[in-house]
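Peer 1: The structure follows.
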Amino acid sequence: MTSSYEDLDVWKKAMAACAACYRHTRGFPREELYGLSSQLRRAAVSVPLNISEGNYRNSTKEYCHFLSIARGSVAEVRTCLQLAAELGFIDRNLELEEEYDQISKMLYAMIKKLTS
């Protein structure tokens, strides 16, 4: 395990991507405050939160479990972004989707490295 999650590039990318998701949801319709907007924000914040929580766990197995949860949240964020674009709440942001693809790949690589 790394000395601090704050030193991890994947955590830094996840934090920046999460902030971008929050900015995108500001323009969602008011009726989505507790719907898609909330779901997207919760999924986005789940990624860096699970990376940091896993880093502080007592075993590699637990760390990998939290990294896996973070990876699942990445898929949830991408789906929410695609739905929001489909509904016309935001323009399709391929750059942000690619950023989340990179985060997913980084998490997968970390899990593989920790379990080998």
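We label chains A, B, ... in the order they appear in the structure tokens, count residues from 1 in each chain, and number ligands from 1 in the order shown.
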Residues near A:Leu96, anyone? I mean within 9 Å using only C-alpha atoms, not counting same-chain ones fewer than 2 positions away, as a ChimeraX atom specification.

Peer 2: /A:17,20-21,78,81,92-94,98-101

Peer 1: Give me, as a list of chain:residue names, all polymer residues having an atom no more than 12 Å from A:Ser38, counting only C-alpha atoms and skipping those fewer than 6 positions away in the same chain.

Peer 2: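 Close residues of A:Ser38: A:Cys21, A:Tyr22, A:His24, A:Thr25, A:Arg26, A:Phe28, A:Pro29, A:Arg30, A:Glu31, A:Glu32, A:Ala44, A:Val45, A:Val77, A:Cys80, A:Ala84.
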
Peer 1: Kindly save the residues from that selection, with N, CA and C atoms included, as a PDB file, in the first residue's frame.

Peer 2:
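Generated file (result_28.pdb):
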```pdb
ATOM      1  N   CYS A  21     -17.844  16.609 -12.716  1.00  0.00           N
ATOM      2  CA  CYS A  21     -19.221  16.104 -12.659  1.00  0.00           C
ATOM      3  C   CYS A  21     -20.106  17.044 -11.855  1.00  0.00           C
ATOM      4  N   TYR A  22     -19.595  17.538 -10.744  1.00  0.00           N
ATOM      5  CA  TYR A  22     -20.367  18.495  -9.939  1.00  0.00           C
ATOM      6  C   TYR A  22     -20.684  19.745 -10.751  1.00  0.00           C
ATOM      7  N   HIS A  24     -20.960  19.962 -13.997  1.00  0.00           N
ATOM      8  CA  HIS A  24     -21.947  19.611 -15.025  1.00  0.00           C
ATOM      9  C   HIS A  24     -23.368  19.560 -14.462  1.00  0.00           C
ATOM     10  N   THR A  25     -23.523  19.075 -13.255  1.00  0.00           N
ATOM     11  CA  THR A  25     -24.868  18.909 -12.703  1.00  0.00           C
ATOM     12  C   THR A  25     -25.502  20.232 -12.272  1.00  0.00           C
ATOM     13  N   ARG A  26     -24.731  21.290 -12.186  1.00  0.00           N
ATOM     14  CA  ARG A  26     -25.295  22.590 -11.804  1.00  0.00           C
ATOM     15  C   ARG A  26     -26.383  23.053 -12.767  1.00  0.00           C
ATOM     16  N   PHE A  28     -28.475  21.049 -14.433  1.00  0.00           N
ATOM     17  CA  PHE A  28     -29.575  20.096 -14.567  1.00  0.00           C
ATOM     18  C   PHE A  28     -30.890  20.753 -14.154  1.00  0.00           C
ATOM     19  N   PRO A  29     -32.002  20.272 -14.702  1.00  0.00           N
ATOM     20  CA  PRO A  29     -33.307  20.810 -14.284  1.00  0.00           C
ATOM     21  C   PRO A  29     -33.526  20.631 -12.779  1.00  0.00           C
ATOM     22  N   ARG A  30     -34.256  21.550 -12.216  1.00  0.00           N
ATOM     23  CA  ARG A  30     -34.529  21.536 -10.764  1.00  0.00           C
ATOM     24  C   ARG A  30     -35.155  20.216 -10.305  1.00  0.00           C
ATOM     25  N   GLU A  31     -36.033  19.652 -11.140  1.00  0.00           N
ATOM     26  CA  GLU A  31     -36.693  18.396 -10.742  1.00  0.00           C
ATOM     27  C   GLU A  31     -35.735  17.215 -10.676  1.00  0.00           C
ATOM     28  N   GLU A  32     -34.512  17.398 -11.170  1.00  0.00           N
ATOM     29  CA  GLU A  32     -33.511  16.328 -11.103  1.00  0.00           C
ATOM     30  C   GLU A  32     -32.607  16.436  -9.879  1.00  0.00           C
ATOM     31  N   ALA A  44     -19.854   9.846  -8.618  1.00  0.00           N
ATOM     32  CA  ALA A  44     -18.576  10.507  -8.878  1.00  0.00           C
ATOM     33  C   ALA A  44     -17.741  10.632  -7.615  1.00  0.00           C
ATOM     34  N   VAL A  45     -18.364  11.003  -6.511  1.00  0.00           N
ATOM     35  CA  VAL A  45     -17.616  11.167  -5.268  1.00  0.00           C
ATOM     36  C   VAL A  45     -17.215   9.812  -4.683  1.00  0.00           C
ATOM     37  N   VAL A  77     -20.871   6.329 -13.124  1.00  0.00           N
ATOM     38  CA  VAL A  77     -20.711   7.717 -13.558  1.00  0.00           C
ATOM     39  C   VAL A  77     -20.863   7.812 -15.068  1.00  0.00           C
ATOM     40  N   CYS A  80     -24.468   7.504 -16.066  1.00  0.00           N
ATOM     41  CA  CYS A  80     -25.210   8.722 -15.719  1.00  0.00           C
ATOM     42  C   CYS A  80     -24.904   9.851 -16.698  1.00  0.00           C
ATOM     43  N   ALA A  84     -27.657  11.585 -19.033  1.00  0.00           N
ATOM     44  CA  ALA A  84     -27.869  13.032 -18.956  1.00  0.00           C
ATOM     45  C   ALA A  84     -27.757  13.667 -20.341  1.00  0.00           C
TER      46      ALA A  84
END
```

Peer 1: Just the number, please: distance in Å from atom CA of A:Lys112 to atom CA of A:Trp11, one decimal.

Peer 2: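 Computing the Euclidean distance for atom CA of A:Lys112 and atom CA of A:Trp11 yields 16.9 Å.
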
Peer 1: Using the chain letters and numbers from this document, which residues of stretch 55-91 of chain A does DSSP assign to alpha helix (DSSP H), as a list in words?

Peer 2: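 Written out, the alpha helix (DSSP H) residues of stretch 55-91 of chain A are Asn55, Thr60, Lys61, Glu62, Tyr63, Cys64, His65, Phe66, Leu67, Ser68, Ile69, Ala70, Arg71, Gly72, Ser73, Val74, Ala75, Glu76, Val77, Arg78, Thr79, Cys80, Leu81, Gln82, Leu83, Ala84, Ala85 and Glu86 of chain A.
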
Peer 1: Only N, CA and C atoms, please: the residues just picked out, written as a CSV table (one decimal), in the first residue's frame.

Peer 2:
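Result file is out16.csv:
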```csv
chain,number,residue,atom,x,y,z
A,55,ASN,N,-7.1,2.6,0.8
A,55,ASN,CA,-5.7,2.9,1.2
A,55,ASN,C,-5.5,2.8,2.7
A,60,THR,N,-4.2,-5.9,2.0
A,60,THR,CA,-4.3,-5.7,0.6
A,60,THR,C,-5.6,-6.2,0.0
A,61,LYS,N,-6.2,-7.3,0.6
A,61,LYS,CA,-7.5,-7.8,0.2
A,61,LYS,C,-8.5,-6.7,0.3
A,62,GLU,N,-8.6,-6.1,1.5
A,62,GLU,CA,-9.5,-5.0,1.7
A,62,GLU,C,-9.3,-3.8,0.7
A,63,TYR,N,-8.0,-3.5,0.5
A,63,TYR,CA,-7.7,-2.4,-0.4
A,63,TYR,C,-8.2,-2.7,-1.8
A,64,CYS,N,-8.0,-3.9,-2.2
A,64,CYS,CA,-8.5,-4.3,-3.6
A,64,CYS,C,-10.0,-4.3,-3.6
A,65,HIS,N,-10.6,-4.6,-2.6
A,65,HIS,CA,-12.1,-4.6,-2.5
A,65,HIS,C,-12.6,-3.2,-2.8
A,66,PHE,N,-12.0,-2.2,-2.1
A,66,PHE,CA,-12.4,-0.8,-2.2
A,66,PHE,C,-12.1,-0.3,-3.6
A,67,LEU,N,-10.9,-0.7,-4.1
A,67,LEU,CA,-10.6,-0.3,-5.5
A,67,LEU,C,-11.6,-0.8,-6.5
A,68,SER,N,-12.1,-2.0,-6.3
A,68,SER,CA,-13.1,-2.6,-7.1
A,68,SER,C,-14.4,-1.9,-7.0
A,69,ILE,N,-14.8,-1.5,-5.8
A,69,ILE,CA,-16.0,-0.6,-5.7
A,69,ILE,C,-15.8,0.7,-6.4
A,70,ALA,N,-14.6,1.3,-6.3
A,70,ALA,CA,-14.4,2.5,-7.1
A,70,ALA,C,-14.5,2.3,-8.6
A,71,ARG,N,-14.0,1.2,-9.0
A,71,ARG,CA,-14.1,0.9,-10.5
A,71,ARG,C,-15.6,0.7,-10.9
A,72,GLY,N,-16.4,0.1,-10.1
A,72,GLY,CA,-17.8,0.0,-10.3
A,72,GLY,C,-18.5,1.4,-10.4
A,73,SER,N,-18.1,2.3,-9.5
A,73,SER,CA,-18.6,3.6,-9.5
A,73,SER,C,-18.3,4.4,-10.8
A,74,VAL,N,-17.1,4.1,-11.3
A,74,VAL,CA,-16.7,4.7,-12.6
A,74,VAL,C,-17.7,4.3,-13.7
A,75,ALA,N,-18.1,3.0,-13.7
A,75,ALA,CA,-19.1,2.6,-14.7
A,75,ALA,C,-20.5,3.3,-14.5
A,76,GLU,N,-20.8,3.5,-13.2
A,76,GLU,CA,-22.1,4.2,-12.9
A,76,GLU,C,-22.0,5.7,-13.3
A,77,VAL,N,-20.9,6.3,-13.1
A,77,VAL,CA,-20.7,7.7,-13.6
A,77,VAL,C,-20.9,7.8,-15.1
A,78,ARG,N,-20.2,6.9,-15.8
A,78,ARG,CA,-20.3,7.0,-17.3
A,78,ARG,C,-21.7,6.8,-17.7
A,79,THR,N,-22.4,5.9,-17.1
A,79,THR,CA,-23.8,5.7,-17.5
A,79,THR,C,-24.7,6.9,-17.2
A,80,CYS,N,-24.5,7.5,-16.1
A,80,CYS,CA,-25.2,8.7,-15.7
A,80,CYS,C,-24.9,9.9,-16.7
A,81,LEU,N,-23.6,10.0,-17.1
A,81,LEU,CA,-23.3,11.0,-18.0
A,81,LEU,C,-23.9,10.8,-19.4
A,82,GLN,N,-24.0,9.5,-19.8
A,82,GLN,CA,-24.6,9.2,-21.1
A,82,GLN,C,-26.1,9.5,-21.0
A,83,LEU,N,-26.7,9.1,-19.9
A,83,LEU,CA,-28.2,9.3,-19.8
A,83,LEU,C,-28.5,10.8,-19.8
A,84,ALA,N,-27.7,11.6,-19.0
A,84,ALA,CA,-27.9,13.0,-19.0
A,84,ALA,C,-27.8,13.7,-20.3
A,85,ALA,N,-26.8,13.2,-21.1
A,85,ALA,CA,-26.7,13.7,-22.5
A,85,ALA,C,-27.9,13.3,-23.4
A,86,GLU,N,-28.3,12.0,-23.2
A,86,GLU,CA,-29.5,11.5,-23.9
A,86,GLU,C,-30.8,12.4,-23.6
```

Peer 1: Which value, in Å to one decimal, gives the distance between atom CA of A:Gly88 and atom CA of A:Arg23?

Peer 2: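 According to the coordinates, atom CA of A:Gly88 and atom CA of A:Arg23 are separated by 15.8 Å.
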
Peer 1: Looking at A:Ile51, A:Met106, A:Leu40, A:Ile90, which one is nearest to A:Ala19, with distances taken over only C-alpha atoms?

Peer 2: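 Smallest separation from A:Ala19 among the options: A:Leu40.
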
Peer 1: Could you state the separation of atom CA of A:Ser104 and atom CA of A:Leu87 in Å, given to one decimal place?

Peer 2: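 Atom CA of A:Leu87 lies at a distance of 24.9 Å from atom CA of A:Ser104.
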
Peer 1: With only C-alpha atoms as the atoms that count, which of A:Ser116, A:Ile111, A:Tyr56, A:Val47 lies nearest to A:Lys13?

Peer 2: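 Smallest separation from A:Lys13 among the options: A:Val47.
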
Peer 1: Considering only C-alpha atoms, state which residue in the set A:Tyr34, A:Ala43, A:Lys113, A:Gly54 is at the smallest distance from A:Tyr5.

Peer 2: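 Result for the nearest residue to A:Tyr5: A:Gly54.
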